[in-house]
Amino acid sequence: MRWYEKLQKRWKVNTLWDVVAILIVFTLTGFSVVFIKHWLGIGSISPVYWRIVFYILILLLYQILLLFWGFLFGKFRFFLEFEMKMFRRIGKMFKK
């Protein structure tokens, strides 16, 4: 089984285009976060408190960017379900 077929099965999508679109969305989201970090001038020489604030804010911003890029590539529903599943898993960690 090829790698993209494994991803198709795992993500429950039908075509190779769906897999490619999902991978592009993840790539663009990560690139956008890095771009924002550099645009804000946050780096290794930034004060620790700025980096902490950035990492806290990026948790929310990443989710928004993921939905934004997913919408542009026609995969909004996939990424909305992906995020809901992730938040359910995080919620289960805190319920114990």
# chains A, B, ... in the order shown; residues from 1 in each chain; ligands from 1
>>> residues_around(residues="region 52-61 of chain A", least_positions_apart="5", cutoff="10 Å", atoms="only C-alpha atoms", output="list in words")
Thr29, Ser32, Val33, Ile36, Lys37, Leu40, Ile42, Pro47, Leu66 and Leu67 of chain A
>>> residues_around(residues="Gly74 (chain A)", least_positions_apart="5", cutoff="10 Å", atoms="only C-alpha atoms", output="count of residues only")
6
>>> select_by_dssp(residues="chain A", states="alpha helix (DSSP H)", output="number ranges by chain")
A: 3-11, 16-40, 48-72, 76-95
>>> write_last_selection(atoms="C-alpha atoms", output="compact mmCIF listing (two decimals), in the first residue's frame")
# COMPACT_ATOMS: atom_id res chain seq x y z
CA TRP A 3 1.76 6.24 1.50
CA TYR A 4 -1.03 8.32 -0.01
CA GLU A 5 -3.37 5.33 0.05
CA LYS A 6 -2.66 4.95 3.77
CA LEU A 7 -3.50 8.62 4.28
CA GLN A 8 -6.68 8.24 2.22
CA LYS A 9 -7.78 5.39 4.45
CA ARG A 10 -6.80 7.12 7.70
CA TRP A 11 -8.46 10.41 6.80
CA LEU A 16 -5.55 11.61 -4.30
CA TRP A 17 -6.52 15.27 -4.73
CA ASP A 18 -8.13 15.22 -1.27
CA VAL A 19 -4.88 13.95 0.26
CA VAL A 20 -2.82 16.54 -1.62
CA ALA A 21 -5.19 19.36 -0.63
CA ILE A 22 -5.04 18.35 3.04
CA LEU A 23 -1.24 18.21 2.99
CA ILE A 24 -1.10 21.62 1.29
CA VAL A 25 -3.41 23.09 3.94
CA PHE A 26 -1.19 21.77 6.76
CA THR A 27 1.86 23.17 4.96
CA LEU A 28 0.32 26.60 4.41
CA THR A 29 -0.88 26.77 8.00
CA GLY A 30 2.59 26.01 9.36
CA PHE A 31 4.18 28.49 6.96
CA SER A 32 1.68 31.15 8.00
CA VAL A 33 2.57 30.68 11.68
CA VAL A 34 6.29 30.99 10.92
CA PHE A 35 5.62 34.07 8.78
CA ILE A 36 3.62 35.72 11.58
CA LYS A 37 6.35 34.90 14.09
CA HIS A 38 9.00 36.55 11.92
CA TRP A 39 6.71 39.47 11.06
CA LEU A 40 6.22 40.13 14.78
CA VAL A 48 10.91 35.02 27.35
CA TYR A 49 7.55 36.55 28.24
CA TRP A 50 6.95 37.56 24.58
CA ARG A 51 7.69 34.03 23.43
CA ILE A 52 5.33 32.59 26.06
CA VAL A 53 2.54 34.98 25.03
CA PHE A 54 3.16 34.12 21.37
CA TYR A 55 2.97 30.37 21.98
CA ILE A 56 -0.25 30.74 23.95
CA LEU A 57 -1.81 32.91 21.24
CA ILE A 58 -0.58 30.64 18.47
CA LEU A 59 -2.62 27.75 19.87
CA LEU A 60 -5.77 29.66 18.93
CA LEU A 61 -4.36 31.28 15.80
CA TYR A 62 -3.22 27.93 14.36
CA GLN A 63 -6.76 26.56 14.59
CA ILE A 64 -8.18 29.62 12.86
CA LEU A 65 -5.56 29.49 10.11
CA LEU A 66 -6.19 25.78 9.60
CA LEU A 67 -9.90 26.44 9.06
CA PHE A 68 -9.15 29.43 6.82
CA TRP A 69 -6.81 27.50 4.52
CA GLY A 70 -9.11 24.49 4.65
CA PHE A 71 -11.99 26.69 3.49
CA LEU A 72 -9.94 28.05 0.58
CA PHE A 76 -13.44 23.13 5.67
CA ARG A 77 -15.64 20.28 6.90
CA PHE A 78 -12.65 17.90 7.11
CA PHE A 79 -10.61 20.34 9.19
CA LEU A 80 -13.56 21.31 11.38
CA GLU A 81 -14.09 17.64 12.23
CA PHE A 82 -10.32 17.21 12.67
CA GLU A 83 -10.22 20.06 15.20
CA MET A 84 -13.33 18.85 17.02
CA LYS A 85 -11.76 15.42 17.44
CA MET A 86 -8.53 16.98 18.70
CA PHE A 87 -10.37 19.15 21.26
CA ARG A 88 -12.38 16.13 22.44
CA ARG A 89 -9.13 14.26 23.07
CA ILE A 90 -7.67 17.23 24.95
CA GLY A 91 -10.88 17.50 27.00
CA LYS A 92 -10.65 13.83 27.99
CA MET A 93 -7.17 14.46 29.42
CA PHE A 94 -8.56 17.05 31.82
CA LYS A 95 -11.62 15.01 32.87
>>> decode(residues="region 13-78 of chain A", atoms="C-alpha atoms", output="mmCIF file, in the first residue's frame")
data_model
loop_
_atom_site.group_PDB
_atom_site.id
_atom_site.type_symbol
_atom_site.label_atom_id
_atom_site.label_comp_id
_atom_site.auth_asym_id
_atom_site.auth_seq_id
_atom_site.Cartn_x
_atom_site.Cartn_y
_atom_site.Cartn_z
ATOM 1 C CA VAL A 13 -11.116 10.680 1.855
ATOM 2 C CA ASN A 14 -11.784 9.389 -1.654
ATOM 3 C CA THR A 15 -9.224 10.824 -4.040
ATOM 4 C CA LEU A 16 -5.552 11.611 -4.304
ATOM 5 C CA TRP A 17 -6.523 15.274 -4.734
ATOM 6 C CA ASP A 18 -8.129 15.216 -1.274
ATOM 7 C CA VAL A 19 -4.883 13.948 0.260
ATOM 8 C CA VAL A 20 -2.820 16.538 -1.618
ATOM 9 C CA ALA A 21 -5.187 19.361 -0.634
ATOM 10 C CA ILE A 22 -5.042 18.346 3.038
ATOM 11 C CA LEU A 23 -1.242 18.210 2.986
ATOM 12 C CA ILE A 24 -1.101 21.623 1.287
ATOM 13 C CA VAL A 25 -3.412 23.089 3.941
ATOM 14 C CA PHE A 26 -1.193 21.768 6.756
ATOM 15 C CA THR A 27 1.858 23.168 4.963
ATOM 16 C CA LEU A 28 0.323 26.604 4.407
ATOM 17 C CA THR A 29 -0.876 26.769 8.005
ATOM 18 C CA GLY A 30 2.586 26.010 9.360
ATOM 19 C CA PHE A 31 4.178 28.488 6.956
ATOM 20 C CA SER A 32 1.677 31.149 8.002
ATOM 21 C CA VAL A 33 2.567 30.680 11.678
ATOM 22 C CA VAL A 34 6.285 30.990 10.922
ATOM 23 C CA PHE A 35 5.622 34.068 8.780
ATOM 24 C CA ILE A 36 3.620 35.717 11.578
ATOM 25 C CA LYS A 37 6.350 34.899 14.094
ATOM 26 C CA HIS A 38 8.998 36.547 11.918
ATOM 27 C CA TRP A 39 6.709 39.468 11.059
ATOM 28 C CA LEU A 40 6.220 40.135 14.776
ATOM 29 C CA GLY A 41 9.974 39.857 15.306
ATOM 30 C CA ILE A 42 9.736 37.047 17.826
ATOM 31 C CA GLY A 43 12.882 34.954 17.905
ATOM 32 C CA SER A 44 15.465 33.444 20.191
ATOM 33 C CA ILE A 45 16.635 36.896 21.320
ATOM 34 C CA SER A 46 13.115 38.040 22.229
ATOM 35 C CA PRO A 47 12.262 38.249 25.924
ATOM 36 C CA VAL A 48 10.909 35.020 27.353
ATOM 37 C CA TYR A 49 7.549 36.554 28.236
ATOM 38 C CA TRP A 50 6.949 37.558 24.581
ATOM 39 C CA ARG A 51 7.685 34.027 23.427
ATOM 40 C CA ILE A 52 5.334 32.593 26.061
ATOM 41 C CA VAL A 53 2.543 34.982 25.032
ATOM 42 C CA PHE A 54 3.157 34.125 21.371
ATOM 43 C CA TYR A 55 2.973 30.374 21.982
ATOM 44 C CA ILE A 56 -0.248 30.739 23.946
ATOM 45 C CA LEU A 57 -1.814 32.907 21.239
ATOM 46 C CA ILE A 58 -0.577 30.644 18.466
ATOM 47 C CA LEU A 59 -2.615 27.752 19.874
ATOM 48 C CA LEU A 60 -5.769 29.657 18.928
ATOM 49 C CA LEU A 61 -4.359 31.275 15.799
ATOM 50 C CA TYR A 62 -3.218 27.934 14.361
ATOM 51 C CA GLN A 63 -6.763 26.560 14.593
ATOM 52 C CA ILE A 64 -8.182 29.624 12.862
ATOM 53 C CA LEU A 65 -5.564 29.487 10.107
ATOM 54 C CA LEU A 66 -6.192 25.776 9.604
ATOM 55 C CA LEU A 67 -9.898 26.436 9.062
ATOM 56 C CA PHE A 68 -9.152 29.431 6.816
ATOM 57 C CA TRP A 69 -6.805 27.502 4.524
ATOM 58 C CA GLY A 70 -9.114 24.491 4.649
ATOM 59 C CA PHE A 71 -11.986 26.689 3.493
ATOM 60 C CA LEU A 72 -9.945 28.045 0.577
ATOM 61 C CA PHE A 73 -9.096 24.510 -0.555
ATOM 62 C CA GLY A 74 -12.634 23.195 -0.103
ATOM 63 C CA LYS A 75 -11.781 21.072 2.934
ATOM 64 C CA PHE A 76 -13.441 23.134 5.672
ATOM 65 C CA ARG A 77 -15.636 20.280 6.902
ATOM 66 C CA PHE A 78 -12.650 17.899 7.113
#
